[in-house]
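Asker: Structure below; questions to follow.
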Amino acid sequence: MRWSASGGWTTPDGSAPNPQLVLAFGGIDVVFENAHYEHLRSNFPEANIVMASTAGEIDNDEVNDETIIANLLQFDNTEIVAHMLPVDVAPDSRDLGQKLGEQFDTTDLRHVLVISDGSKVNGDQLVAGLNGSLPEGVLVTGGLAADAGRFTKTFVGLNGTPESGNVVVIGFYGSSIKIGHGSMGGWDEFGPIRRITKSEGNVLHELDGKPALEIYKDYLGDKAKDLPGAALLFPLNIYVEGDVTLVRTILSIDDETGTMTFAGDIPEGKEARFMMANFDRLVEGAEKAAQFGLQSIDGESPDFVLMISCVGRKMVLGQRVEDEVEAVCDFFGEKPRYSGFYSNGEITPVNGKVECSLHNQTMTITTYREE
């Protein structure tokens with residue numbers, strides 16, 4: 001497997017690139033301009049070109065805003081197949097995920113990378129549909145496109161200018177490709193554990209039989225006046241089963257109904273606890289995600305490391321945002337190419353599991369190595 005970054009269009013060995021796949025991540029105000037896609041297409045006429053809007057672009061150990069970073073992935077023994085569907089071809093996100101999974105010939109399919117719209121899709125339901133349509137053992141990872149924390153409109157494209165409402169899935173085939181994954185948060189919990197007594201999809205109504213928003217504001221104290229923006233600093237940790245938890249980001253609040261809307265579904269009957277930022281632990285979490293990513297490819301160094309982190313982490317870390325990216329790069333060393341973006345949601349299995357899930361507020365890593 002060989003790679004190249006934007007700028008020089010050369011591979012590490014100095015030869016001219018001939019990629020099967022181009023992954024391009026760009027700022028929300030620039031990525032949709034047709035000239036950028038046309039530039040990539042004119043240089044790489046045979047490649048599948050996937051583009052997505054972001055809340056920040058990761059280029060090796062740097063985090064940039066309103067740039068476009070293009071990664072050229074060239075494989076020697078791996079077949080790449082990509083599909084795209086708009087959200088309006090299905091009645092809901094679960095059915096959309098089912099339809100996307102059914103696009104693939106699953107013979108020798110090893111991995112599906114998902115780059116999804118981040119404003120019109122229910123990520124939980126999309127993932128459920130994919131899980132139901134793909135064979136057990138096919139690793140699914142990816143993320144939801146972002147719009148710099150505006151939460152209004154995101155752009156995704158496959159072999160065309162990115163547009164709102166698209167979901168792209170990329171299949172990797174053959175025994176030569178080795179894919180690893182890891183995901184970790186690093187937030188501190190606070191307050192008592194409470195039961196989710198009323199919820200509908202991604203809308204939380206009650207905790208312990210009381211209006212959820214009222215409880216949330218009580219715990220935030222003076223910071224409650226900064227809602228809904230401050231909500232990104234205080235996500236919700238949901239206890240799914242055993243030691244498996246999922247973090248959910250708050251997207252909006254409704255003072256009239258006393259409800260809170262999250263970036264993923266809130267399962268009624270489960271227990272949950274509020275969380276707060278801890279800068280050092282967020283950075284440590286990124287390094288732990290890298291450790292899981294290495295373990296799942298048997299400890300051998302990858303060729304390409306794809307980082308998809310949450311827009312909420314970027315807002316919390318502020319000027320220290322590059323610390324978590326540097327922690328990942330320091331862990332893997334100089335050999336791999338590093339790239340990725342800040343997202344509205346991360347898709348990967350829980351560490352040690354097979355079935356993928358939607359995550360919020362995590363650093364999620366997918367490692368690629370071709371033998």
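Each chain in the structure tokens gets a letter, A, B, ..., in the order shown, and its residues are numbered from 1; ligands are numbered from 1 in order too.
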Using only C-alpha atoms, find each residue in segment 216-242 of chain A having at least one atom no more than 12 Å away from segment 254-258 of chain A; report its shortest atom-to-atom pair and that distance in Å (one decimal), rows by chain then rising number, as CSV.
Answerer:
residue,atom,partner,partner_atom,distance
A:Tyr216,CA,A:Gly258,CA,9.9
A:Lys217,CA,A:Gly258,CA,10.3
A:Ala224,CA,A:Asp255,CA,11.8
A:Leu227,CA,A:Asp254,CA,10.5
A:Pro228,CA,A:Asp254,CA,9.4
Asker: Return as a PyMOL selection string the full set of residues in segment 155-349 of chain A whose backbone-based DSSP assignment is strand (DSSP E).
Answerer: chain A and resi 156-158+166-173+177-184+188-200+203-207+210-211+236-241+244-248+250-254+259-262+271-276+304-310+337-343+345-349
Asker: Once DSSP has gone over the backbone, tell me which residues of segment 34-192 of chain A are in alpha helix (DSSP H), as number ranges by chain.
Answerer: A: 34-43, 93-101, 123-133
Asker: Could the residues of segment 92-193 of chain A that have an atom at most 12 Å from segment 14-23 of chain A be listed as a Markdown table, each with its closest atom pair and the distance in Å to one decimal, counting only C-alpha atoms and ordered by chain and ascending residue number?
Answerer:
| residue | atom | partner | partner_atom | distance |
| --- | --- | --- | --- | --- |
| A:Leu113 | CA | A:Leu23 | CA | 10.8 |
| A:Val114 | CA | A:Leu23 | CA | 11.5 |
| A:Ile115 | CA | A:Leu23 | CA | 9.8 |
| A:Gly142 | CA | A:Leu23 | CA | 11.9 |
| A:Val156 | CA | A:Leu23 | CA | 11.0 |
| A:Gly157 | CA | A:Leu23 | CA | 10.3 |
| A:Leu158 | CA | A:Leu23 | CA | 9.7 |
| A:Asn159 | CA | A:Val22 | CA | 9.7 |
| A:Val168 | CA | A:Leu23 | CA | 11.3 |
| A:Ile170 | CA | A:Leu21 | CA | 9.2 |
| A:Gly171 | CA | A:Leu21 | CA | 10.7 |
| A:Phe172 | CA | A:Leu21 | CA | 10.4 |
Asker: To one decimal in Å, tell me the separation between atom CA of Asn64 of chain A and atom CA of Gly27 of chain A.
Answerer: 8.7 Å
Asker: Separation of atom CA of Ala47 of chain A and atom CA of Asn60 of chain A, in Å?
Answerer: 22.3 Å
Asker: Can you pull out every residue within 10 Å of segment 318-328 of chain A, counting only C-alpha atoms, but drop anything in the same chain fewer than 3 positions away, and send it as number ranges by chain?
Answerer: A: 58-64, 279-291, 305, 307, 309, 312-315, 331-333, 338-340, 363, 365
Asker: Residues within 9 Å of Asn237 of chain A, please, as a list in words. Count only C-alpha atoms; anything in the same chain fewer than 6 positions from it doesn't count.
Answerer: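 The residues satisfying every condition are Glu189, Thr245, Leu246, Val247, Arg248, Glu271, Ala272, Arg273, Phe274 and Met275 of chain A.
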Asker: Give me the residues near Gln125 of chain A as a list of chain:residue names, where near means some atom within 9 Å (using only C-alpha atoms) and where sequence neighbours in that chain fewer than 3 positions away do not count.
Answerer: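 Once the nearby chain positions are removed, what remains is A:Asp92, A:Ser93, A:Arg94, A:Asp95, A:Leu96, A:Gly97, A:Val121, A:Asn122, A:Ala128, A:Gly129, A:Leu130, A:Gly264, A:Asp265, A:Leu358.
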Asker: Keeping only C-alpha atoms, write those residues as a PDB file, in the first residue's frame.
Answerer:
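Saved as selection.pdb:
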ATOM      1  CA  ASP A  92     -35.537   6.377   7.410  1.00  0.00           C
ATOM      2  CA  SER A  93     -31.839   6.073   8.230  1.00  0.00           C
ATOM      3  CA  ARG A  94     -32.055   2.388   9.180  1.00  0.00           C
ATOM      4  CA  ASP A  95     -33.500   1.502   5.782  1.00  0.00           C
ATOM      5  CA  LEU A  96     -30.835   3.681   4.151  1.00  0.00           C
ATOM      6  CA  GLY A  97     -28.105   1.743   5.955  1.00  0.00           C
ATOM      7  CA  VAL A 121     -28.920  11.226   9.043  1.00  0.00           C
ATOM      8  CA  ASN A 122     -29.657   9.474  12.315  1.00  0.00           C
ATOM      9  CA  ALA A 128     -28.078  -0.467  12.650  1.00  0.00           C
ATOM     10  CA  GLY A 129     -29.046  -0.855   9.005  1.00  0.00           C
ATOM     11  CA  LEU A 130     -25.461  -1.526   7.969  1.00  0.00           C
ATOM     12  CA  GLY A 264     -27.470   9.660  18.695  1.00  0.00           C
ATOM     13  CA  ASP A 265     -30.347   7.638  20.120  1.00  0.00           C
ATOM     14  CA  LEU A 358     -22.176   5.377  16.634  1.00  0.00           C
TER      15      LEU A 358
END
